[in-house]
4 protein chains.
Amino acid sequence: MIVKRFKSNIVAHLSYFIGSEGEAFVVDSERDCQVYLKVAQRENMQIKYIFETHRNEDFIIGSKELAHLSEAEIYHGPWPEFQYGKVLKDNQEFKIGNLKVTAIHTPGHTPGCVSYAVADLDSGTETVLVCTGDTLFVNDVGRTDFGGPAKRREWSTNLYNSIFNKLLPLGDQVILCPAHGAGSVCGSNIALREWSTLGLERLMNPLLQLSREEFLEHKVNEHHEYAPYFRMMEKYNVEGAPFVGAGKILKAMSPSELKKAMDEDAVVLDVRSPAAFGGAHIIGSYSIPLSILSFTGWFISADKPIVTILESESDLEVVSSLARIGYDNIVGYLGGGLASWYSAGYPLKACPHLIVASELKAWLDSGDECFLLDTRSKDEFEGGHIESATNIYLGHLQKRINDVPRRLPIVVICGSGNRASVATSILLRNGYEEVYNFLGAMRAWKKLGYPLTK
Amino acid sequence: MIVKRFKSNIVAHLSYFIGSEGEAFVVDSERDCQVYLKVAQRENMQIKYIFETHRNEDFIIGSKELAHLSEAEIYHGPWPEFQYGKVLKDNQEFKIGNLKVTAIHTPGHTPGCVSYAVADLDSGTETVLVCTGDTLFVNDVGRTDFGGPAKRREWSTNLYNSIFNKLLPLGDQVILCPAHGAGSVCGSNIALREWSTLGLERLMNPLLQLSREEFLEHKVNEHHEYAPYFRMMEKYNVEGAPFVGAGKILKAMSPSELKKAMDEDAVVLDVRSPAAFGGAHIIGSYSIPLSILSFTGWFISADKPIVTILESESDLEVVSSLARIGYDNIVGYLGGGLASWYSAGYPLKACPHLIVASELKAWLDSGDECFLLDTRSKDEFEGGHIESATNIYLGHLQKRINDVPRRLPIVVICGSGNRASVATSILLRNGYEEVYNFLGAMRAWKKLGYPLTK
Amino acid sequence: MIVKRFKSNIVAHLSYFIGSEGEAFVVDSERDCQVYLKVAQRENMQIKYIFETHRNEDFIIGSKELAHLSEAEIYHGPWPEFQYGKVLKDNQEFKIGNLKVTAIHTPGHTPGCVSYAVADLDSGTETVLVCTGDTLFVNDVGRTDFGGPAKRREWSTNLYNSIFNKLLPLGDQVILCPAHGAGSVCGSNIALREWSTLGLERLMNPLLQLSREEFLEHKVNEHHEYAPYFRMMEKYNVEGAPFVGAGKILKAMSPSELKKAMDEDAVVLDVRSPAAFGGAHIIGSYSIPLSILSFTGWFISADKPIVTILESESDLEVVSSLARIGYDNIVGYLGGGLASWYSAGYPLKACPHLIVASELKAWLDSGDECFLLDTRSKDEFEGGHIESATNIYLGHLQKRINDVPRRLPIVVICGSGNRASVATSILLRNGYEEVYNFLGAMRAWKKLGYPLTK
Amino acid sequence: MIVKRFKSNIVAHLSYFIGSEGEAFVVDSERDCQVYLKVAQRENMQIKYIFETHRNEDFIIGSKELAHLSEAEIYHGPWPEFQYGKVLKDNQEFKIGNLKVTAIHTPGHTPGCVSYAVADLDSGTETVLVCTGDTLFVNDVGRTDFGGPAKRREWSTNLYNSIFNKLLPLGDQVILCPAHGAGSVCGSNIALREWSTLGLERLMNPLLQLSREEFLEHKVNEHHEYAPYFRMMEKYNVEGAPFVGAGKILKAMSPSELKKAMDEDAVVLDVRSPAAFGGAHIIGSYSIPLSILSFTGWFISADKPIVTILESESDLEVVSSLARIGYDNIVGYLGGGLASWYSAGYPLKACPHLIVASELKAWLDSGDECFLLDTRSKDEFEGGHIESATNIYLGHLQKRINDVPRRLPIVVICGSGNRASVATSILLRNGYEEVYNFLGAMRAWKKLGYPLTK
């Protein structure tokens with residue numbers, strides 16, 4: 001038995017290629033599914049099955065393209081909204097090489113969620129690992145808010161039952177293989193560590209330490225964001241998204257081509273670091289650093305042409321990353337980087353002001369007025385913030401722009417400086433001028449021991 | 001001005017990406033044309049034009065796919081058989097970045113051949129290099145036999161005039177950029193060296209040392225082979241071939257799948273070394289070592305499914321190599337190599353006999369009878385062979401199989417052992433049993449100073 | 001917490017890079033230790049510690065070089081024979097980033113064995129994984145024969161106690177991180193699967209299903225081989241081996257240089273496949289296919305210069321592989337492969353005879369005499385062999401060569417054909433002529449359902 | 001005959017690997033000389049000779065290490081200052097494979113310069129290419145100022161004679177292989193194009209269009225800079241520099257380690273783009289963007305420890321680049337980039353002001369006073385500058401810092417913005433506050449058609 005885990009950037013999605021004796025299956029194929037074909041080739045295995053743990057809401061599933069490129073059959077849970085693949089019965093079994101895979105209905109995150117318990121018959125009949133999708137993560141459990149408020153208690157109850165009555169009974173010794181790792185929007189608290197077992201979760205996952213009632217209470221009331229692009233994922237994942245093949249080779253545009261594209265309504269997406277965006281950028285561009293690229297799904301419409309500003313060729317992963325969330329409309333990048341733009345004599349803007357923690361502390365201590373705009377999530381904000389700060393979640397900033405005063409200097413706050421850069425670009429686009437980009441942000445603030453309000 | 005030269009294996013085709021100040025052109029695009037897009041990206045250049053020196057006969061042109069993936073326009077010579085692109089006028093000029101490109105009609109190899117003289121206006125107006133297609137190679141000139149015997153003198157005359165009246169007058173200092181390097185079937189004598197100038201050719205190219213009459217005499221009488229697959233190239237290059245994208249990820253087949261494919265009429269193509277094929281191979285398979293893979297075009301029909309036997313994953317280039325000559329029908333390779341075949345209990349065959357030069361010499365000296373089958377080209381054979389050898393060019397072996405006696409031991413001879421391996425596999429398929437594979441072949445024979453007949 | 005597992009080929013050694021918040025440690029560094037520096041770089045971590053589970057017997061430890069290239073300190077168990085590093089106390093604890101590492105004395109495989117239990121304090125204080133060295137493997141346990149027969153019961157008892165009293169009590173949920181995977185000489189039965197937990201071992205590891213007495217009985221009597229090169233490992237690992245840096249770029253030798261080296265006493269090591277060796281090889285060369293390269297340690301002295309015959313450039317890993325077992329004396333490889341040898345007119349040999357399972361079956365059924373030489377290990381042989389076969393373990397073949405009769409045809413048998421190729425080369429070197437190389441071997445024999453004796 | 005050209009970044013050095021029939025030579029080995037070993041391996045060639053065109057002044061020669069790693073002998077010209085290798089006679093000939101190499105004394109750039117004419121005997125006896133070192137470049141010729149003013153006319157005369165009496169007579173058709181390409185400090189006017197011939201130079205090289213007297217006049221009076229680090233190169237290249245092997249794996253430092261190194265006198269070298277440095281940087285750091293990294297040789301002493309700030313891992317080439325000019329003292333880079341610095345709460349600085357061409361134009365038109373500091377070379381400045389600008393070559397800025405007024409706003413000008421970033425960092429280190437970084441600089445100024453003074 002061999003197991004390969006893949007982590008897709010931007011969506012922190014974990015998928016699995018598992019095989020034995022020339023046969024294999026894939027759980028939750030990512031969109032650029034050629035990665036599995038390459039492993040199949042290297043391991044001399046045939047991909048026989050593609051198993052869905054559920055219809056994902058935050059990224060595009062690559063199963064249909066993978067099935068097209070291999071001989072695999074797609075299987076998924078009983079929820080009706082899949083226009084391809086076959087529906088699994090509870091406890092349906094598969095023999096793949098010398099593995100036994102059992103599909104276990106584990107509703108909760110959605111009504112159709114399925115987990116897959118895998119036994120390696122080379123060693124015995126015990127379950128070795130279980131692919132739990134969005135039912136159980138390392139240190140967290142799945143969201144239960146996608147059915148709307150009316151269904152929330154029911155779905156949360158299902159989730160509790162699935163975890164406690166179906167997964168944990170498989171045994172402490174079973175290795176946990178969830179569908180997301182740290183950084184996913186599908187769980188606010190997923191651990192960085194990707195190695196865990198059912199026993200470790202039973203003993204340490206904070207939600208599994210709660211009583212049934214505490215668990216339901218928590219799940220019914222916890223706060224999650226719903227990014228606008230999720231709606232598009234729904235459509236794509238019901239029908240199957242357009243194929244991406246090996247991906248496209250993005251075109252290096254000249255400054256004049258880029259200018260022309262902008263004049264024809266293209267959006268400029270600048271993925272460089274906050275420092276670089278702060279130092280100089282194209283007027284009107286969005287700053288969305290690569291590490292938080294999924295915010296594209298909040299601010300930019302997927303039907304708009306997008307041109308990108310990169311720091312270097314290694315940033316070209318922006319194409320495959322955005323493809324994961326359905327943005328197939330990147331028309332090019334500025335060849336030669338920002339230098340080619342300003343060398344051609346086009347205008348630039350710098351961010352008005354840089355501020356670091358000690359300077360902000362001195363300012364606040366001085367009593368001079370400013371508007372502290374904290375763009376972190378509700379949970380993060382409530383976990384500790386600067387006393388006078390106002391919380392507007394970054395994703396909501398554009399639609400709540402009128403809640404940001406125009407007569408005061410604005411200090412933009414986030415975790416370490418990345419989201420603040422996005423917010424700064426939104427504010428600049430909306431005509432704000434006296435904006436302070438707080439680099440280091442709450443991480444530096446805490447490191448220096450400055451006071452927090454909870 | 002930057003110049004990138006690409007050499008495509010299997011067909012020894014040379015193509016060029018030439019650019020200046022953000023603009024570029026490609027001469028004679030190879031089929032897997034994404035290579036040029038990557039250079040364009042790295043150099044921040046737009047491919048504006050794709051220039052054909054002529055409609056190639058021995059490989060698939062990638063221009064139509066490249067035009068599809070870029071904004072380039074295709075230009076070619078006046079010969080009518082192109083169903084895409086624009087026809088050039090003689091001496092038509094293009095400005096690309098700070099380059100001036102002049103299209104010069106240089107008929108001869110075909111009536112529509114065009115050469116492209118390139119000046120780098122950054123330095124001055126002199127021609128820096130000329131892309132000569134199949135008109136002039138390093139040490140050789142183009143074939144003139146594609147029009148058939150009736151046209152041969154006329155085409156040869158045209159070639160002479162193109163070289164002496166159009167190319168050489170550009171000046172000794174001009175760098176030569178031909179469409180083929182050593183190993184191409186488009187010239188029997190192309191030098192290994194890829195760096196040359198018009199002056200070096202004027203001074204050293206053996207054919208340019210001949211008088212006009214000697215030149216015509218030579219060209220009208222020289223012998224060339226016409227591989228069966230050329231006819232397919234014609235069709236593809238007139239219309240434009242199917243697109244290949246980034247190429248396909250070949251499937252690793254299990255021994256039983258491979259067996260099944262064979263039962264359903266797939267051809268087994270074994271690209272391992274002659275030694276490995278000699279040691280053990282699947283009964284009925286063709287031995288065509290990677291370095292002479294174009295012989296596939298002589299023996300295997302492009303509409304047959306092909307399964308391949310590789311030595312290692314690095315041999316997977318067989319897919320892109322065969323795609324260059326129109327074989328898009330490779331359905332898989334034996335995963336785990338030949339070992340997976342014999343470990344599954346399937347039968348094998350070894351080549352009956354290995355022989356080296358000293359052993360053959362002793363045999364011949366002993367007076368014992370055998371049939372020496374020399375599979376090299378007519379030219380090579382006439383350049384020096386073992387006295388008693390019979391010449392049947394490898395490409396013709398299948399159709400001349402009855403010229404090989406069945407009552408004598410056969411010793412198969414070629415240059416160094418590769419073509420002999422192909423011939424051995426053909427003989428085995430035709431029921432010959434007492435076959436001696438002569439490894440080292442004429443190269444070893446000459447090295448040891450054994451006698452040659454010319 | 002991040003965990004990276006590395007598998008070193010040739011010795012099937014597993015090592016680990018484990019880190020958290022900018023700090024990391026390495027367990028059982030492999031010799032080419034730059035791999036850890038690259039991960040440290042990518043993860044922005046400082047390697048603070050290098051932990052030895054024990055002084056390995058079958059490969060060279062890279063800790064001393066890694067310590068030299070980083071700021072890490074080396075720690076190891078209380079066994080005296082390490083001339084570097086510090087000795088650990090039982091239950092000594094380390095804080096690394098936000099990890100807690102506890103060193104647990106687990107003697108048995110050797111008296112100084114240490115296991116490392118790692119807790120990820122980001123989640124809680126439970127042990128997440130344990131690095132068990134050669135104490136506990138997936139499906140097997142460590143050897144207890146290195147102390148000689150007199151110590152065997154004592155060491156086996158220690159091993160039992162370490163597993164049952166120290167490791168298993170950590171809990172079923174703990175992830176198992178052993179020092180070897182399938183293919184190692186340190187356990188005859190290690191599973192291919194690398195993912196396991198203490199609970200899975202408790203439930204399925206065949207040796208952990210035994211009673212204490214059965215366990216001791218088994219361990220005291222089980223058979224292991226001791227390769228001659230182990231003695232050299234001992235010396236290297238006591239003192240620290242010479243540094244290897246980024247490895248050396250092996251020289252491509254011409255046939256005449258190779259011939260000269262042979263004349264000056266270099267050994268020819270042919271790592272090509274059995275089929276290729278069978279088809280043609282240099283007279284006197286050793287056939288040791290890459291996948292079983294560690295047999296070099298049985299037949300070739302490490303102080304001899306070695307020249308290698310490769311199938312392709314991808315086989316150049318032979319240099320780093322052999323360096324792992326202390327062979328730093330590879331002076332070059334035959335540039336251009338075997339073809340350059342025979343093209344230069346040098347003599348060759350083929351293996352005398354190829355045989356497959358069905359042919360051998362027919363032969364045996366015919367009653368004609370032959371000597372069936374089964375080169376597998378004692379355990380494999382006893383697990384099922386052809387009735388009339390004689391077992392001489394491959395490693396012992398040279399010194400037991402007189403047990404192989406000269407008047408009979410020899411059929412060489414192994415698992416699937418690789419070891420048979422080695423044995424064939426040994427027999428040819430010893431003047432045997434009528435040798436049959438059985439490709440497919442017992443794997444094919446079983447697949448075809450032919451009779452076995454146990 | 002095969003020819004491989006290598007371009008070393010930072011010093012724009014061109015070196016050559018040239019081979020035939022298993023033998024090869026290298027001309028002007030770069031310091032990280034393993035690149036040639038890899039080609040030798042791939043081409044199955046032995047490096048027999050290393051030829052120096054001269055003792056280079058601007059980078060470290062790798063010949064001694066290459067000779068150590070191969071069996072090659074080093075040859076160089078008659079100038080005495082080489083403590084290794086053998087001295088060539090004029091017209092000394094070498095046979096390498098089927099090549100004939102003739103060493104031609106071509107003094108001028110230095111008294112010991114040698115050019116190497118190479119004939120490919122496979123084609124004939126004509127010279128195919130000539131390696132001219134720093135004697136003749138594409139579009140330029142070598143400097144003649146290294147002997148000091150007293151020798152300048154004599155050396156220039158020698159150069160003229162070498163070019164006109166020794167090189168050009170080889171014939172227009174000979175391919176030119178110089179030791180430097182565009183971007184080298186060894187010629188101010190070298191063309192971007194790397195493909196040329198002696199004939200093309202004869203016809204288009206501006207200096208070869210001059211009369212003998214004009215040529216001498218030009219060479220005696222032309223202006224060159226002499227970077228401080230050249231003196232170190234002299235020492236290294238006389239004796240042979242320390243070996244670099246495969247290069248070192250640079251350590252990712254934590255912010256606190258970096259801070260500690262700074263406190264212990266390490267210099268901070270920030271190689272990010274001008275925009276990123278402008279947006280935020282560590283106080284006191286030098287901005288030297290990767291594309292002009294050789295300015296390190298002007299400002300930082302090679303015996304100081306250096307810590308680097310990178311944009312991404314792809315910038316790690318800084319290590320091999322600086323090693324080329326003798327900086328072996330890079331102790332680490334800031335892991336996680338600048339974000340890890342500011343997330344740890346350390347202070348930052350932004351560049352005070354960004355300005356683009358249109359804004360500067362408006363400023364100058366307004367009549368408001370400012371100091372325009374043009375940091376380009378004398379030649380560039382004289383070729384066209386903004387009327388009121390003052391020229392201080394970037395390399396001289398530190399020592400001429402008192403020529404920059406403190407009471408005026410400073411606008412820093414260069415070609416396109418890179419050198420201005422360096423100058424800005426120097427000014428900031430010297431306490432200047434009102435500094436305007438002019439991005440786009442003269443390139444943008446010219447593009448917009450603003451007035452120039454010559």
# chains A, B, ... in the order shown; residues from 1 in each chain; ligands from 1
$ closest_atom_pairs --of "chain D" --to "chain B" --cutoff "8 Å" --atoms "only C-alpha atoms" --output "JSON lines"
{"residue": "D:Met1", "atom": "CA", "partner": "B:Arg193", "partner_atom": "CA", "distance": 4.8}
{"residue": "D:Ile2", "atom": "CA", "partner": "B:Arg193", "partner_atom": "CA", "distance": 5.6}
{"residue": "D:Val3", "atom": "CA", "partner": "B:Trp195", "partner_atom": "CA", "distance": 7.8}
{"residue": "D:Asp122", "atom": "CA", "partner": "B:Ala191", "partner_atom": "CA", "distance": 7.9}
{"residue": "D:Ser123", "atom": "CA", "partner": "B:Met204", "partner_atom": "CA", "distance": 6.2}
{"residue": "D:Gly124", "atom": "CA", "partner": "B:Met204", "partner_atom": "CA", "distance": 6.0}
{"residue": "D:Glu126", "atom": "CA", "partner": "B:Leu200", "partner_atom": "CA", "distance": 7.4}
{"residue": "D:Val128", "atom": "CA", "partner": "B:Leu200", "partner_atom": "CA", "distance": 7.0}
{"residue": "D:Asn139", "atom": "CA", "partner": "B:Ser123", "partner_atom": "CA", "distance": 7.2}
{"residue": "D:Asp172", "atom": "CA", "partner": "B:Gln173", "partner_atom": "CA", "distance": 4.9}
{"residue": "D:Gln173", "atom": "CA", "partner": "B:Gln173", "partner_atom": "CA", "distance": 4.5}
{"residue": "D:Val174", "atom": "CA", "partner": "B:Gln173", "partner_atom": "CA", "distance": 7.2}
{"residue": "D:Ile175", "atom": "CA", "partner": "B:Ser196", "partner_atom": "CA", "distance": 7.4}
{"residue": "D:Ala191", "atom": "CA", "partner": "B:Ser123", "partner_atom": "CA", "distance": 7.6}
{"residue": "D:Leu192", "atom": "CA", "partner": "B:Met1", "partner_atom": "CA", "distance": 6.1}
{"residue": "D:Arg193", "atom": "CA", "partner": "B:Met1", "partner_atom": "CA", "distance": 4.8}
{"residue": "D:Glu194", "atom": "CA", "partner": "B:Ile2", "partner_atom": "CA", "distance": 7.3}
{"residue": "D:Trp195", "atom": "CA", "partner": "B:Val3", "partner_atom": "CA", "distance": 7.8}
{"residue": "D:Ser196", "atom": "CA", "partner": "B:Val128", "partner_atom": "CA", "distance": 7.0}
{"residue": "D:Thr197", "atom": "CA", "partner": "B:Gln173", "partner_atom": "CA", "distance": 5.8}
{"residue": "D:Leu198", "atom": "CA", "partner": "B:Gln173", "partner_atom": "CA", "distance": 6.9}
{"residue": "D:Gly199", "atom": "CA", "partner": "B:Gln173", "partner_atom": "CA", "distance": 4.5}
{"residue": "D:Leu200", "atom": "CA", "partner": "B:Gln173", "partner_atom": "CA", "distance": 5.7}
{"residue": "D:Leu203", "atom": "CA", "partner": "B:Glu126", "partner_atom": "CA", "distance": 7.7}
{"residue": "D:Met204", "atom": "CA", "partner": "B:Gly124", "partner_atom": "CA", "distance": 6.0}
{"residue": "D:Asn205", "atom": "CA", "partner": "B:Ser123", "partner_atom": "CA", "distance": 7.4}
$ residues_around --residues "Asp374 of chain B" --least-positions-apart "4" --cutoff "7 Å" --atoms "only C-alpha atoms" --output "PyMOL selection string"
chain B and resi 389-392+412-414
$ write_last_selection --atoms "N, CA, C and O atoms" --output "mmCIF file, in the first residue's frame"
data_model
loop_
_atom_site.group_PDB
_atom_site.id
_atom_site.type_symbol
_atom_site.label_atom_id
_atom_site.label_comp_id
_atom_site.auth_asym_id
_atom_site.auth_seq_id
_atom_site.Cartn_x
_atom_site.Cartn_y
_atom_site.Cartn_z
ATOM 1 N N ALA B 389 29.330 -9.130 -48.493
ATOM 2 C CA ALA B 389 28.037 -8.664 -47.982
ATOM 3 C C ALA B 389 27.056 -8.311 -49.097
ATOM 4 O O ALA B 389 27.452 -7.927 -50.187
ATOM 5 N N THR B 390 25.769 -8.485 -48.776
ATOM 6 C CA THR B 390 24.686 -8.078 -49.663
ATOM 7 C C THR B 390 24.002 -6.865 -49.039
ATOM 8 O O THR B 390 23.707 -6.867 -47.854
ATOM 9 N N ASN B 391 23.734 -5.860 -49.819
ATOM 10 C CA ASN B 391 23.118 -4.640 -49.292
ATOM 11 C C ASN B 391 21.599 -4.632 -49.497
ATOM 12 O O ASN B 391 21.121 -4.661 -50.631
ATOM 13 N N ILE B 392 20.887 -4.678 -48.415
ATOM 14 C CA ILE B 392 19.445 -4.394 -48.473
ATOM 15 C C ILE B 392 19.212 -3.309 -47.438
ATOM 16 O O ILE B 392 19.410 -3.538 -46.237
ATOM 17 N N VAL B 412 23.681 -9.943 -39.425
ATOM 18 C CA VAL B 412 23.085 -8.641 -39.747
ATOM 19 C C VAL B 412 24.070 -7.533 -39.417
ATOM 20 O O VAL B 412 24.579 -7.443 -38.304
ATOM 21 N N ILE B 413 24.311 -6.685 -40.406
ATOM 22 C CA ILE B 413 25.356 -5.666 -40.308
ATOM 23 C C ILE B 413 24.751 -4.269 -40.470
ATOM 24 O O ILE B 413 23.858 -4.074 -41.294
ATOM 25 N N CYS B 414 25.250 -3.331 -39.684
ATOM 26 C CA CYS B 414 24.899 -1.928 -39.931
ATOM 27 C C CYS B 414 26.092 -1.082 -39.531
ATOM 28 O O CYS B 414 27.242 -1.522 -39.638
#
$ residues_around --residues "Trp298 of chain A" --least-positions-apart "5" --cutoff "9 Å" --atoms "only C-alpha atoms" --output "compact mmCIF listing (two decimals) with N, CA, C and O atoms, in the first residue's frame"
# COMPACT_ATOMS: atom_id res chain seq x y z
N ALA A 227 -17.72 33.31 0.81
CA ALA A 227 -17.16 34.15 -0.26
C ALA A 227 -18.06 34.10 -1.49
O ALA A 227 -18.63 33.05 -1.81
N PRO A 228 -18.18 35.23 -2.18
CA PRO A 228 -19.07 35.28 -3.35
C PRO A 228 -18.73 34.22 -4.40
O PRO A 228 -19.62 33.71 -5.08
N TYR A 229 -17.47 33.87 -4.52
CA TYR A 229 -17.11 32.93 -5.59
C TYR A 229 -17.62 31.52 -5.32
O TYR A 229 -17.67 30.68 -6.23
N LEU A 394 -12.17 41.84 5.97
CA LEU A 394 -11.63 42.26 4.67
C LEU A 394 -12.61 41.97 3.53
O LEU A 394 -12.85 42.82 2.67
N GLY A 395 -13.19 40.76 3.57
CA GLY A 395 -14.11 40.39 2.49
C GLY A 395 -15.30 41.33 2.35
O GLY A 395 -15.90 41.45 1.28
N HIS A 396 -15.64 42.02 3.41
CA HIS A 396 -16.81 42.91 3.39
C HIS A 396 -16.45 44.37 3.15
O HIS A 396 -17.34 45.22 3.11
$ select_by_dssp --residues "segment 139-288 of chain B" --states "alpha helix (DSSP H)" --output "PyMOL selection string"
chain B and resi 152-161+198-204+212-221+230-239+255-263+274-279
$ residues_around --residues "segment 66-71 of chain C" --least-positions-apart "5" --cutoff "7 Å" --atoms "only C-alpha atoms" --output "list in words"
Cys33, Ile47 and Lys48 of chain C
$ closest_residue --among "D:Ile10, D:Leu354, D:Ala150, D:Leu269" --to "Gly183 of chain D" --atoms "only C-alpha atoms"
D:Ile10
$ decode --residues "segment 331-343 of chain C" --atoms "N, CA, C and O atoms" --output "compact mmCIF listing (two decimals), in the first residue's frame"
# COMPACT_ATOMS: atom_id res chain seq x y z
N VAL C 331 35.33 5.32 -10.11
CA VAL C 331 36.19 6.24 -10.85
C VAL C 331 35.57 6.74 -12.15
O VAL C 331 36.06 7.70 -12.74
N GLY C 332 34.53 6.12 -12.61
CA GLY C 332 33.93 6.61 -13.85
C GLY C 332 32.88 5.65 -14.37
O GLY C 332 32.59 4.62 -13.75
N TYR C 333 32.26 6.04 -15.46
CA TYR C 333 31.32 5.15 -16.12
C TYR C 333 31.62 5.15 -17.61
O TYR C 333 32.27 6.09 -18.11
N LEU C 334 31.18 4.14 -18.28
CA LEU C 334 31.47 4.02 -19.70
C LEU C 334 30.59 5.00 -20.47
O LEU C 334 29.38 4.81 -20.60
N GLY C 335 31.21 6.08 -20.94
CA GLY C 335 30.45 7.10 -21.68
C GLY C 335 29.88 6.51 -22.96
O GLY C 335 30.56 5.80 -23.69
N GLY C 336 28.58 6.80 -23.21
CA GLY C 336 27.96 6.25 -24.41
C GLY C 336 27.44 4.85 -24.20
O GLY C 336 26.91 4.24 -25.12
N GLY C 337 27.64 4.33 -22.99
CA GLY C 337 27.10 3.02 -22.69
C GLY C 337 27.84 1.90 -23.39
O GLY C 337 28.88 2.11 -24.01
N LEU C 338 27.29 0.70 -23.27
CA LEU C 338 27.95 -0.47 -23.81
C LEU C 338 28.22 -0.34 -25.31
O LEU C 338 29.19 -0.89 -25.83
N ALA C 339 27.36 0.45 -26.00
CA ALA C 339 27.54 0.60 -27.45
C ALA C 339 28.90 1.18 -27.77
O ALA C 339 29.51 0.84 -28.79
N SER C 340 29.42 2.08 -26.92
CA SER C 340 30.72 2.66 -27.24
C SER C 340 31.81 1.60 -27.10
O SER C 340 32.82 1.65 -27.78
N TRP C 341 31.58 0.65 -26.21
CA TRP C 341 32.54 -0.45 -26.02
C TRP C 341 32.60 -1.33 -27.25
O TRP C 341 33.66 -1.59 -27.82
N TYR C 342 31.44 -1.78 -27.71
CA TYR C 342 31.49 -2.72 -28.83
C TYR C 342 31.75 -2.02 -30.16
O TYR C 342 32.29 -2.62 -31.07
N SER C 343 31.41 -0.72 -30.22
CA SER C 343 31.75 0.01 -31.44
C SER C 343 33.25 0.22 -31.56
O SER C 343 33.77 0.49 -32.63
